[in-house]
Structures are given as structure tokens and as C-alpha cells.
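Trainee: I have a structure I would like to understand better, so I am pasting it below and will then ask my questions one at a time.
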Protein chains: 2
Amino acid sequence: MDPVTPKRPYDAYEYESSACSIARTLEQIGDRWALLILRDVANGVRRFDQLADHLGVARNVLSRRLAALTEFGVVTRVAYRDEGSRERQEYRLTDAGHELIPILLAFMGWGDRHLAGPEGPPAYPVHARCGAPVRVSITCEAGHDLGDRPHLHLEPGPGSRVRAGAPGGRA
Amino acid sequence: MDPVTPKRPYDAYEYESSACSIARTLEQIGDRWALLILRDVANGVRRFDQLADHLGVARNVLSRRLAALTEFGVVTRVAYRDEGSRERQEYRLTDAGHELIPILLAFMGWGDRHLAGPEGPPAYPVHARCGAPVRVSITCEAGHDLGDRPHLHLEPGPGSRVRAGAPGGRA
DNA sequence: CACCTAAGTTTCCTCGAGCAACCCAGGAGG
DNA sequence: CCTCCTGGGTTGCTCGAGGAAACTTAGGTG
């Protein structure tokens, strides 16, 4: 970098967007429809027409998104056959897709707390096995629950490309 | 539901998109840049030019998003003054914005597990107080940890508008 | 007094999302 | 056999969001 003009006046750790797991994940499922599609698929809405109908999304957009989600390995096409019909495909979450559920729950939790009307949240998730309500929590390995507004630091990991002058950076 | 033409062959609960906390939250922070802006603001990148530079986002888009995020109450403008400069504004998370951090962590966790290169994750979050690594967990009120691929059901909440054959079908 | 900088705002252009209308494969059914 | 129907898409058009860069504003500095 040019030593004369320090274009980056702040000395925080600076992770490249491309080297950020949030940015990478958003590239795959960060568009307007992907998470809603995944919500529906997770919720048992698995067929093309059902999804198009329920989401109100244009069919070509849905088609593209499903193809992309399939390519990324978060959903997969499964053949089914209704009696008296030919074989068709439906969409299901893969294991990797199932691991996106915490993201959906985090969104749902925030919306429930900040955007629900006076009647309360529109739905709440429960543990499939025991039926008890479920929530997202942030915990550290020392066993602390960090609550709803966790205070964190970000440490550079092995895959980081830090570009800062001082190791230690901002506090 | 019309008995002759069951247009909706699946009998899962069907929540209106508009009555879904995920959809509502996505309307506020679900665009391509909002979460990355929030990530940076949470990480100490608070000034307009820093954000524009770091994110590589067009300045007009950044301006609009920051205005929207401010209006939604997840960030707030705070005056600051560098010596020898006039007073300027920077952006910080509000309490509601702070509560979005679990969403960011959920994204980060998934990206770390599924999109990190061979070197490993680019960064990892630690508890600001004790320094121990932090993770998102899904737990139910009965005390079970549901793990990375939680199995859930969705129960209609007080604010739901269920549209099934049951009472109060959708309008 | 000319120039610098942070923080936007305006202008113009491009590109992709959204929509609607069309296509296609294969049973049903007459 | 020929036609219809239905799920699952693909094709062409439009308009608004995103991007690049120039312009603006307001105070500080040599």
C-alpha cells in the first residue's frame, strides 16, 4: 500500500469482505427470496407450485433460486409420484440446508421481539421431540450465556487476511 | 376450503408471508448490504467513508441504507469531533441493532463450517469479557440442546393468521 | 484565500428482479 | 389416437435498484 497516502485511516482489524464468512454465506442465501424459500421448505412446503403460490414469487425467479440453492447443496431434488400422475420432483433441505435453521430462528426471534404487532408473535418454534419452545442463545465455551445483546470481539482466524499495522488493533 | 378444488394440497400450517417474523425482519435488514453494514458497524467501522471504502458499496446506496437502518432504529447517528476538525456524525448500533448480532453469528457459523477454505475460518468471535470462543446454540425450555440441525415444529402464535380448514380461515 | 477533507447528494447508466405469457412432458379420458 | 389438463418450468419485456463518478456543503489549515 502506498505509504504516502494512508487511505485507510482506521486501525481496526480489517477483514476482506471476500474473506468473511458472513459475506460468503450471504452470497449464497442472502438475496430477498432464498431465506423465505428455505423457511417454506423447512416447513414442509416442498413443491414448485406450492412455493410459487405461497411466496408470491415469480416462477422464473423461484426456478433460478431453487437451481442455485440446489447447486450450493442446501436443498436437493427428490422424486415423488402422486397416484395417477407422472413422476415429479420436490425440494428438501440437505444436511447443510438443515444447518441454516439457526439463521432462520435468529431472524424469527428478532422479528418476534421487535416487529410483532400487539397480538404477539405469529408463530413460535418448538422442539419436535419434547414440544417445548425453542430459542437461540449465544454461549461461550466458558459456559456463560451472553444473552440477547452479546458483547464480542473478533479474533483473526487461520483463514484471515488481516491488513492492519498494529497487532492488537482496536480494543 | 372449497371441497371440490383443493388448490392447496399440503396441509401444513400456512402462515402469510406478511405475518411471518422472518419476512418482516428481512424487509428491514434483508437486502444485500444491510447485514454487511451492520457487521462492520458492530465491528467498529462507524464512519461513512470507512464503510464505503471497506464494503466497496456505492456511496448513494450506503447513504440510503444507513438512513433506512437509522429509521428502523437499529443504528443511530452519534456526533464526534476529531481535533482540528469540525463535528461530524458516526453510526452505532442501538440496543435493537445489538440484538441482531445473533443473526450475524448464525451466518458466520454456517459460513465457517461450509464455506471456509482449507486454512479454516477467517475469524472467530470471542466473549468480550472472558475471551472464550462463542457459538450459537439452539435450546428448548426443557433444557435440551438441539444441536446444529435442530428438528422443530412451528406452532401458531397469538399473532398468527392460520389459513387451514379450521376456524377463522384466512380472509 | 486557495485548498483539503468528511459526508453526503445528484446524475446517468446498466443489469437483474418481477411479471406475464408461453412451452413441454406425460398421464387421463373419451 | 387425439385432445385436454396439470405441474414444472423457460422466454421476452419493463422498471427500479445498484454502481461510478462528479458535484455540494461546511468547516479547518497553510
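Simple scheme: letters A, B, ... for chains in C-alpha cells order, numbers from 1 for residues in each chain, numbers from 1 for ligands in the order shown.
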Distance cut-off 9 Å, counting only C-alpha atoms (C1' of nucleotides) - which residues of chain A neighbour chain D? Return them as a list in words.
Mentor: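 Using only C-alpha atoms (C1' of nucleotides), chain A residues at most 9 Å from chain D: Phe48, Asp49, Arg59, Asn60, Ser63, Arg88 and Gln89 of chain A.
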Trainee: Write the selection just made, keeping C-alpha atoms, as a PDB file, in the first residue's frame?
Mentor:
```pdb
ATOM      1  CA  PHE A  48     -42.707 -25.762  -7.040  1.00  0.00           C
ATOM      2  CA  ASP A  49     -46.274 -24.585  -7.416  1.00  0.00           C
ATOM      3  CA  ARG A  59     -41.887 -18.507 -11.199  1.00  0.00           C
ATOM      4  CA  ASN A  60     -38.709 -17.774 -13.094  1.00  0.00           C
ATOM      5  CA  SER A  63     -36.794 -21.536 -10.574  1.00  0.00           C
ATOM      6  CA  ARG A  88     -42.188 -35.214 -10.348  1.00  0.00           C
ATOM      7  CA  GLN A  89     -39.564 -33.550  -8.228  1.00  0.00           C
TER       8      GLN A  89
END
```
Trainee: Would you give me, as JSON, numbers by chain, the residues of chain A that come within 8 Å of chain C, using only C-alpha atoms (C1' of nucleotides)?
Mentor: {"A": [58, 61, 84, 85, 86]}
Trainee: All C-alpha atoms, paired in order, least-squares superposition of chain A on chain B: what RMSD does that give?
Mentor: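 Across all paired C-alpha atoms, the RMSD is 3.0 Å.
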Trainee: What's the separation between atom CA of Arg64 of chain A and atom CA of Pro122 of chain A, in Å to one decimal place?
Mentor: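 Taking atom CA of Arg64 of chain A as the start and atom CA of Pro122 of chain A as the end point, the length is 29.1 Å.
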Trainee: Using only C-alpha atoms, select each residue of chain B with any atom at most 6 Å away from an atom of chain A, and give the selection as a CSV table (one decimal) with C-alpha atoms, in the first residue's frame.
Mentor:
```
chain,number,residue,atom,x,y,z
B,21,SER,CA,-41.4,-12.6,11.6
B,22,ILE,CA,-38.7,-13.8,9.2
B,25,THR,CA,-37.2,-8.9,9.6
B,98,HIS,CA,-27.2,-5.1,19.1
B,99,GLU,CA,-29.8,-7.8,19.2
B,103,ILE,CA,-28.2,-13.3,13.3
B,106,ALA,CA,-25.5,-17.6,12.8
B,107,PHE,CA,-24.4,-16.6,9.4
B,108,MET,CA,-20.8,-16.6,10.4
B,111,GLY,CA,-20.1,-19.9,6.6
B,112,ASP,CA,-17.2,-21.1,8.8
B,119,GLU,CA,-7.0,-22.8,6.0
B,120,GLY,CA,-10.0,-22.6,8.3
B,121,PRO,CA,-12.4,-19.8,9.2
B,122,PRO,CA,-11.3,-16.2,8.6
B,123,ALA,CA,-12.2,-15.0,12.1
B,124,TYR,CA,-13.9,-16.3,15.2
B,125,PRO,CA,-15.8,-14.4,17.8
B,126,VAL,CA,-14.9,-14.5,21.5
B,127,HIS,CA,-16.7,-13.3,24.6
B,128,ALA,CA,-15.6,-9.8,25.2
B,132,ALA,CA,-13.6,-17.7,25.3
B,133,PRO,CA,-14.9,-18.6,21.8
B,134,VAL,CA,-18.6,-18.1,21.3
B,135,ARG,CA,-21.2,-20.1,19.4
B,136,VAL,CA,-24.8,-20.0,18.6
B,137,SER,CA,-26.9,-22.8,20.2
B,138,ILE,CA,-30.5,-23.8,19.9
B,139,THR,CA,-32.0,-24.9,23.1
B,140,CYS,CA,-35.5,-25.7,24.3
B,141,GLU,CA,-37.1,-24.7,27.5
B,148,ASP,CA,-26.6,-27.9,14.6
B,149,ARG,CA,-29.5,-29.4,12.8
B,151,HIS,CA,-35.7,-30.5,14.4
B,152,LEU,CA,-38.6,-28.2,15.1
B,153,HIS,CA,-42.3,-27.7,14.7
B,154,LEU,CA,-43.9,-24.4,14.2
B,155,GLU,CA,-46.9,-23.7,16.4
B,156,PRO,CA,-49.3,-20.9,15.5
B,157,GLY,CA,-48.8,-18.0,17.9
B,158,PRO,CA,-51.2,-15.3,19.1
B,159,GLY,CA,-50.5,-13.1,16.1
B,160,SER,CA,-50.9,-15.8,13.5
```
Trainee: If you run DSSP over the backbone, which residues in chain B end up strand (DSSP E or B)? Put them as a PyMOL selection string.
Mentor: chain B and resi 75-80+88-93+123-127+133-140+145+152-156
Trainee: According to DSSP computed on the backbone, where in segment 46-154 of chain B is there helix (DSSP H, G or I)? Give the residues as a ChimeraX atom specification.
Mentor: /B:48-55,59-72,95-98,101-114
